[in-house]
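J.: So that you have it, the file is input_11.txt, and it contains compact mmCIF, C-alpha atoms:
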```txt
# COMPACT_ATOMS: atom_id res chain seq x y z
CA MET W 1 -3.29 8.25 -40.15
CA THR W 2 -3.02 7.95 -36.37
CA GLN W 3 0.40 6.80 -35.18
CA HIS W 4 -0.06 4.15 -32.51
CA PRO W 5 2.52 3.85 -29.71
CA PRO W 6 4.36 0.61 -28.95
CA LEU W 7 2.46 -1.69 -26.63
CA LEU W 8 3.54 -3.51 -23.47
CA LEU W 9 1.39 -6.61 -22.99
CA LEU W 10 1.37 -7.98 -19.43
CA THR W 11 -0.10 -11.44 -19.01
CA ARG W 12 0.67 -12.23 -15.36
CA PRO W 13 -2.14 -12.23 -12.75
CA LYS W 14 -3.54 -8.78 -11.99
CA VAL W 15 -1.58 -8.00 -8.83
CA GLN W 16 1.79 -8.95 -10.30
CA SER W 17 1.02 -7.19 -13.59
CA ALA W 18 0.00 -3.98 -11.81
CA ARG W 19 3.24 -3.98 -9.82
CA PHE W 20 5.34 -4.61 -12.95
CA ALA W 21 3.46 -1.89 -14.86
CA GLY W 22 4.19 0.61 -12.11
CA ASP W 23 7.88 -0.27 -12.13
CA PHE W 24 7.95 -0.03 -15.92
CA VAL W 25 6.50 3.49 -15.94
CA LYS W 26 8.94 4.60 -13.24
CA ARG W 27 11.84 3.42 -15.35
CA PHE W 28 10.73 4.18 -18.91
CA GLY W 29 8.02 6.81 -18.61
CA SER W 30 4.53 6.76 -20.08
CA GLY W 31 5.26 6.77 -23.81
CA ILE W 32 4.38 3.10 -24.22
CA ALA W 33 0.80 1.90 -23.93
CA ILE W 34 0.32 -0.80 -21.29
CA ARG W 35 -2.37 -3.44 -21.49
CA THR W 36 -2.98 -6.14 -18.89
CA ALA W 37 -4.47 -9.43 -20.06
CA PRO W 38 -3.93 -12.12 -17.40
CA VAL W 39 -3.52 -15.52 -19.01
CA LEU W 40 -4.07 -17.28 -15.68
CA ASP W 41 -6.45 -16.83 -12.78
CA ILE W 42 -5.04 -17.85 -9.39
CA VAL W 43 -7.75 -19.71 -7.47
CA PRO W 44 -6.83 -20.63 -3.87
CA ARG W 45 -8.13 -23.95 -2.58
CA PRO W 46 -10.17 -23.66 0.60
CA ASP W 47 -9.16 -27.09 1.97
CA PRO W 48 -7.44 -27.13 5.38
CA VAL W 49 -3.69 -27.85 5.34
CA SER W 50 -2.07 -29.45 8.37
CA LEU W 51 1.53 -28.50 9.16
CA ASP W 52 1.96 -31.12 11.87
CA GLY W 53 5.14 -33.17 11.60
CA PHE W 54 7.05 -30.78 9.35
CA ALA W 55 10.23 -28.89 10.19
CA GLY W 56 9.90 -26.24 7.52
CA LEU W 57 7.81 -24.95 4.62
CA LEU W 58 8.79 -24.43 0.98
CA PHE W 59 7.25 -21.64 -1.07
CA THR W 60 7.96 -21.17 -4.77
CA SER W 61 5.51 -18.30 -5.30
CA GLU W 62 3.68 -15.51 -3.52
CA ASN W 63 0.47 -17.30 -4.44
CA GLY W 64 1.45 -20.30 -2.33
CA VAL W 65 2.13 -18.04 0.65
CA ALA W 66 -1.25 -16.32 0.36
CA ALA W 67 -3.15 -19.56 -0.16
CA LEU W 68 -1.63 -21.24 2.91
CA ALA W 69 -2.01 -18.15 5.09
CA ALA W 70 -5.73 -18.12 4.29
CA VAL W 71 -6.31 -21.66 5.60
CA ASN W 72 -3.78 -22.06 8.42
CA GLU W 73 -2.89 -19.59 11.18
CA ARG W 74 0.38 -21.22 12.24
CA ARG W 75 3.50 -19.14 11.63
CA ASP W 76 5.98 -21.01 13.84
CA LEU W 77 7.71 -22.98 11.07
CA PRO W 78 10.56 -21.45 9.05
CA ALA W 79 9.70 -20.62 5.44
CA TYR W 80 12.26 -21.35 2.72
CA CYS W 81 11.38 -19.31 -0.37
CA VAL W 82 12.50 -19.42 -3.98
CA GLY W 83 13.42 -15.72 -4.08
CA GLU W 84 13.23 -12.42 -2.25
CA ARG W 85 9.79 -11.44 -3.55
CA THR W 86 8.28 -14.65 -2.21
CA ALA W 87 10.24 -14.31 1.03
CA ASP W 88 8.89 -10.77 1.48
CA ALA W 89 5.36 -12.09 1.01
CA ALA W 90 6.00 -14.77 3.63
CA ARG W 91 7.41 -12.23 6.09
CA SER W 92 4.44 -9.94 5.53
CA VAL W 93 2.07 -12.60 6.90
CA GLY W 94 4.28 -13.50 9.85
CA PHE W 95 6.71 -16.22 8.73
CA ARG W 96 10.45 -16.26 9.41
CA ALA W 97 11.57 -16.50 5.82
CA THR W 98 14.82 -16.93 3.93
CA ALA W 99 15.29 -16.66 0.17
CA ALA W 100 17.13 -18.78 -2.37
CA GLU W 101 18.43 -17.36 -5.66
CA GLY W 102 15.23 -17.47 -7.66
CA THR W 103 15.14 -21.07 -8.88
CA ALA W 104 14.12 -24.48 -7.61
CA ALA W 105 17.68 -25.62 -8.38
CA SER W 106 19.07 -23.06 -5.94
CA MET W 107 16.66 -24.33 -3.26
CA ILE W 108 17.82 -27.91 -3.85
CA ALA W 109 21.47 -26.82 -3.66
CA HIS W 110 20.82 -25.04 -0.36
CA PHE W 111 19.30 -28.09 1.30
CA SER W 112 21.98 -30.37 -0.15
CA ALA W 113 24.61 -28.26 1.62
CA ASP W 114 22.59 -27.69 4.80
CA PRO W 115 19.95 -30.43 5.29
CA PRO W 116 16.95 -29.57 7.49
CA LYS W 117 16.33 -31.30 10.81
CA GLY W 118 13.04 -32.84 9.71
CA PRO W 119 10.60 -33.25 6.82
CA LEU W 120 9.66 -30.31 4.61
CA LEU W 121 6.33 -29.36 3.05
CA HIS W 122 6.10 -27.64 -0.34
CA LEU W 123 3.00 -25.46 -0.81
CA ARG W 124 2.51 -25.14 -4.56
CA GLY W 125 0.15 -24.57 -7.44
CA GLU W 126 -1.50 -27.21 -9.55
CA HIS W 127 1.02 -26.72 -12.36
CA ALA W 128 4.76 -26.72 -11.66
CA ARG W 129 7.76 -27.16 -13.95
CA VAL W 130 10.00 -28.73 -11.29
CA GLU W 131 8.77 -31.43 -8.92
CA LEU W 132 10.59 -29.98 -5.93
CA ALA W 133 9.32 -32.44 -3.32
CA GLU W 134 10.28 -35.38 -5.50
CA ALA W 135 13.73 -33.95 -6.22
CA LEU W 136 14.48 -33.28 -2.55
CA SER W 137 13.18 -36.67 -1.43
CA ALA W 138 15.42 -38.32 -4.02
CA ILE W 139 18.52 -36.85 -2.35
CA GLY W 140 17.48 -37.96 1.12
CA ILE W 141 15.51 -34.93 2.31
CA PRO W 142 11.96 -36.12 3.05
CA THR W 143 9.57 -33.64 1.45
CA GLU W 144 5.84 -33.71 0.85
CA GLU W 145 3.70 -31.31 -1.16
CA ARG W 146 0.22 -29.85 -0.99
CA ILE W 147 -1.50 -28.14 -3.89
CA VAL W 148 -3.01 -24.99 -2.39
CA TYR W 149 -4.09 -23.12 -5.51
CA ALA W 150 -5.07 -23.70 -9.11
CA GLN W 151 -3.89 -21.71 -12.14
CA GLU W 152 -6.91 -21.59 -14.43
CA ALA W 153 -6.42 -20.49 -18.04
CA LEU W 154 -8.33 -17.39 -19.10
CA PRO W 155 -9.64 -16.42 -22.56
CA PHE W 156 -8.01 -13.69 -24.61
CA PRO W 157 -9.76 -10.41 -23.68
CA PRO W 158 -11.76 -8.86 -26.54
CA GLY W 159 -10.29 -5.76 -28.10
CA ILE W 160 -6.63 -6.36 -27.33
CA ALA W 161 -6.03 -8.29 -30.56
CA ALA W 162 -6.90 -5.20 -32.60
CA GLU W 163 -4.53 -3.07 -30.50
CA ILE W 164 -1.71 -5.57 -31.01
CA GLU W 165 -2.22 -5.58 -34.77
CA ALA W 166 -2.29 -1.77 -34.85
CA ALA W 167 0.78 -1.28 -32.67
CA PRO W 168 4.17 -0.87 -34.37
CA LEU W 169 5.60 -3.30 -31.81
CA THR W 170 4.32 -5.30 -28.84
CA LEU W 171 6.72 -5.87 -25.96
CA LEU W 172 5.92 -9.20 -24.36
CA PRO W 173 7.58 -10.34 -21.11
CA LEU W 174 6.93 -14.01 -20.34
CA PHE W 175 7.48 -15.34 -16.83
CA SER W 176 6.69 -19.07 -16.94
CA PRO W 177 6.61 -21.97 -19.41
CA ARG W 178 2.87 -22.45 -19.00
CA SER W 179 2.06 -18.78 -19.57
CA ALA W 180 4.31 -18.84 -22.65
CA LEU W 181 2.34 -21.77 -24.06
CA LEU W 182 -1.01 -20.13 -23.36
CA VAL W 183 -0.03 -16.71 -24.70
CA ALA W 184 1.40 -18.34 -27.83
CA GLU W 185 -1.97 -20.00 -28.36
CA TRP W 186 -3.70 -16.62 -27.96
CA LEU W 187 -1.47 -14.90 -30.50
CA ARG W 188 -0.97 -17.64 -33.09
CA GLY W 189 -2.19 -16.39 -36.46
CA LEU W 190 -2.45 -12.81 -35.23
CA GLY W 191 -0.75 -9.99 -37.12
CA GLY W 192 1.70 -7.69 -35.39
CA ARG W 193 5.37 -7.43 -34.45
CA PHE W 194 6.63 -8.83 -31.17
CA ALA W 195 9.71 -8.39 -28.99
CA LEU W 196 9.97 -11.06 -26.28
CA VAL W 197 11.75 -11.20 -22.96
CA THR W 198 11.69 -14.62 -21.30
CA MET W 199 12.53 -15.43 -17.70
CA SER W 200 14.48 -18.62 -18.46
CA ALA W 201 15.53 -21.08 -21.12
CA ALA W 202 12.51 -23.21 -20.21
CA VAL W 203 10.19 -20.29 -20.96
CA THR W 204 11.95 -19.69 -24.28
CA ALA W 205 11.59 -23.35 -25.21
CA SER W 206 7.84 -23.20 -24.52
CA TRP W 207 7.21 -20.35 -26.96
CA ASP W 208 5.69 -21.45 -30.26
CA GLY W 209 3.74 -18.33 -31.12
CA PRO W 210 4.52 -15.68 -33.74
CA ARG W 211 8.18 -15.35 -34.60
CA PRO W 212 9.51 -12.36 -32.65
CA GLU W 213 11.60 -9.54 -34.05
CA ILE W 214 13.94 -10.17 -31.14
CA LEU W 215 13.99 -12.46 -28.11
CA ILE W 216 16.16 -11.98 -25.04
CA GLU W 217 16.38 -14.24 -22.00
CA ALA W 218 16.67 -12.50 -18.65
CA GLU W 219 20.01 -12.90 -16.91
CA ARG W 220 18.27 -13.90 -13.67
CA PRO W 221 14.80 -15.26 -12.92
CA ASP W 222 13.45 -12.11 -11.30
CA ALA W 223 11.44 -9.00 -12.17
CA PRO W 224 14.39 -6.54 -12.21
CA ALA W 225 16.22 -8.75 -14.72
CA MET W 226 13.05 -8.94 -16.83
CA MET W 227 12.94 -5.13 -16.79
CA ASP W 228 16.59 -5.04 -17.90
CA GLY W 229 15.66 -7.42 -20.70
CA LEU W 230 12.91 -5.05 -21.85
CA ALA W 231 15.43 -2.22 -21.86
CA ALA W 232 17.70 -4.34 -24.07
CA VAL W 233 15.03 -5.27 -26.60
CA MET W 234 13.77 -1.68 -26.73
CA GLY W 235 17.28 -0.49 -27.45
CA ALA W 236 17.82 -3.15 -30.08
CA VAL W 237 14.68 -2.30 -32.05
CA GLY W 238 14.89 1.45 -31.57
CA VAL W 239 12.01 2.06 -29.17
CA PRO W 240 12.72 5.41 -27.45
```
Could you express the structure from this file as structure tokens?

T.:
Amino acid sequence: MTQHPPLLLLTRPKVQSARFAGDFVKRFGSGIAIRTAPVLDIVPRPDPVSLDGFAGLLFTSENGVAALAAVNERRDLPAYCVGERTADAARSVGFRATAAEGTAASMIAHFSADPPKGPLLHLRGEHARVELAEALSAIGIPTEERIVYAQEALPFPPGIAAEIEAAPLTLLPLFSPRSALLVAEWLRGLGGRFALVTMSAAVTASWDGPRPEILIEAERPDAPAMMDGLAAVMGAVGVP
């Protein structure tokens, strides 16, 4: 009987999954099969977005940066970003960007300590766990929001279910509450063994799929911490 290798299932959009897969192979080698099955398709909105009247821009994802950059050429406003990856994306298209510590809460804390000199604009996706504009406005920092992209759910790709059921273990990193819900729906009722790494307590709480052999929450909400979490679950279940 053919011995199948463990499987790493990546469900982020293609660009992010490809980057994570490359980092995974650099760290752990090529002994684990990698399959990419995006659970969401990022669809930028083509509508114009005016930046008039704002003192700064808020970005909580690379997708927001790309979507705004495609419809507005202005780069004169400072960009306040949720983390370094998003800040790097903003800098790459010409913004002066600073990074918070990876969470909306850290962005709110920053502006509480150092309020901006005018209104802010949050460029976001259709689905968000934290209403950042509402939270900032509630503490006296006028903030508006514009939805600049949609996150459309995708069907489970054919063929991957059989690979999951054949694999001795499927490593499953989950990066957002919505993706956790959608992936759980994909996998509910499916055979197989799963080891989960979640980016936050909110992601963990959203999981209602198959009971995992082990579940570890990342120590920080970023990709390196997710990779550390995969190392921990692999060590715990004996994956070489």

J.: I want to know what sits within 12 Å of Leu181 in chain W, based on all atoms listed in the file, with residues of the same chain fewer than 5 positions away left out; could you give that as a compact mmCIF listing (two decimals) with C-alpha atoms, in the frame of the given file?

T.:
```txt
# COMPACT_ATOMS: atom_id res chain seq x y z
CA THR W 11 -0.10 -11.44 -19.01
CA VAL W 39 -3.52 -15.52 -19.01
CA LEU W 40 -4.07 -17.28 -15.68
CA ALA W 153 -6.42 -20.49 -18.04
CA LEU W 174 6.93 -14.01 -20.34
CA PHE W 175 7.48 -15.34 -16.83
CA SER W 176 6.69 -19.07 -16.94
CA TRP W 186 -3.70 -16.62 -27.96
CA LEU W 187 -1.47 -14.90 -30.50
CA ARG W 188 -0.97 -17.64 -33.09
CA ALA W 202 12.51 -23.21 -20.21
CA VAL W 203 10.19 -20.29 -20.96
CA THR W 204 11.95 -19.69 -24.28
CA ALA W 205 11.59 -23.35 -25.21
CA SER W 206 7.84 -23.20 -24.52
CA TRP W 207 7.21 -20.35 -26.96
CA ASP W 208 5.69 -21.45 -30.26
CA GLY W 209 3.74 -18.33 -31.12
CA PRO W 210 4.52 -15.68 -33.74
```

J.: Pull the neighbourhood of (10.7, -22.0, 8.6) for me: all residues within 12 Å in file coordinates, counting only C-alpha atoms, as a VMD selection string.

T.: chain W and resid 51 54 to 59 74 to 81 87 90 to 91 94 to 99 116 to 122

J.: Taking into account all atoms listed in the file, which residue in the set W:Pro173, W:Gly29, W:Pro155, W:Gly189 is nearest to Arg12 in chain W?

T.: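 Looking at the shortest contact to Arg12 in chain W, the residue is W:Pro173.
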
J.: Quick one: pull the distance between CA of Ile34 in chain W and CA of Arg178 in chain W, Å, one decimal.

T.: 21.9 Å

J.: I'd like the neighbourhood of Ala67 in chain W as a list in words, where a residue qualifies if any of its atoms comes within 10 Å (using only C-alpha atoms), though same-chain residues fewer than 6 positions away should be ignored.

T.: Ile42, Val43, Pro44, Arg45, Pro46, Asp47, Val49, Leu123, Arg124, Gly125, Ile147, Val148 and Tyr149 of chain W

J.: Between W:Pro38, W:Gly83, W:Gly191, W:Pro224, which has the minimum distance to Ala161 in chain W (counting only C-alpha atoms)?

T.: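 Among the listed residues, W:Gly191 lies closest to Ala161 in chain W.
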
J.: For Ser112 in chain W, which residue out of W:Leu190, W:Leu7, W:Ile141, W:Val71 is the nearest one, using only C-alpha atoms?

T.: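 For Ser112 in chain W, the nearest of the given residues is W:Ile141.
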
J.: Quick one: pull the distance between CA of Val239 in chain W and CA of Ala195 in chain W, Å, one decimal.

T.: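 Distance reported for this atom pair: 10.7 Å.
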
J.: Please report the interatomic distance between CA of Glu163 in chain W and CA of Glu217 in chain W in Å with one decimal.

T.: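 Taking CA of Glu163 in chain W and CA of Glu217 in chain W, their separation equals 25.2 Å.
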
J.: Might you pull out every residue within 12 Å of Val233 in chain W, with only C-alpha atoms counted and same-chain residues fewer than 6 positions away left off, and present them as number ranges by chain?

T.: W: 169-173, 194-198, 212-218, 226-227, 239-240

J.: I need the residues from that last selection saved to file as a CSV table (one decimal), keeping the file's coordinate frame (with C-alpha atoms), if you can.

T.:
```
chain,number,residue,atom,x,y,z
W,169,LEU,CA,5.6,-3.3,-31.8
W,170,THR,CA,4.3,-5.3,-28.8
W,171,LEU,CA,6.7,-5.9,-26.0
W,172,LEU,CA,5.9,-9.2,-24.4
W,173,PRO,CA,7.6,-10.3,-21.1
W,194,PHE,CA,6.6,-8.8,-31.2
W,195,ALA,CA,9.7,-8.4,-29.0
W,196,LEU,CA,10.0,-11.1,-26.3
W,197,VAL,CA,11.8,-11.2,-23.0
W,198,THR,CA,11.7,-14.6,-21.3
W,212,PRO,CA,9.5,-12.4,-32.6
W,213,GLU,CA,11.6,-9.5,-34.0
W,214,ILE,CA,13.9,-10.2,-31.1
W,215,LEU,CA,14.0,-12.5,-28.1
W,216,ILE,CA,16.2,-12.0,-25.0
W,217,GLU,CA,16.4,-14.2,-22.0
W,218,ALA,CA,16.7,-12.5,-18.6
W,226,MET,CA,13.0,-8.9,-16.8
W,227,MET,CA,12.9,-5.1,-16.8
W,239,VAL,CA,12.0,2.1,-29.2
W,240,PRO,CA,12.7,5.4,-27.4
```
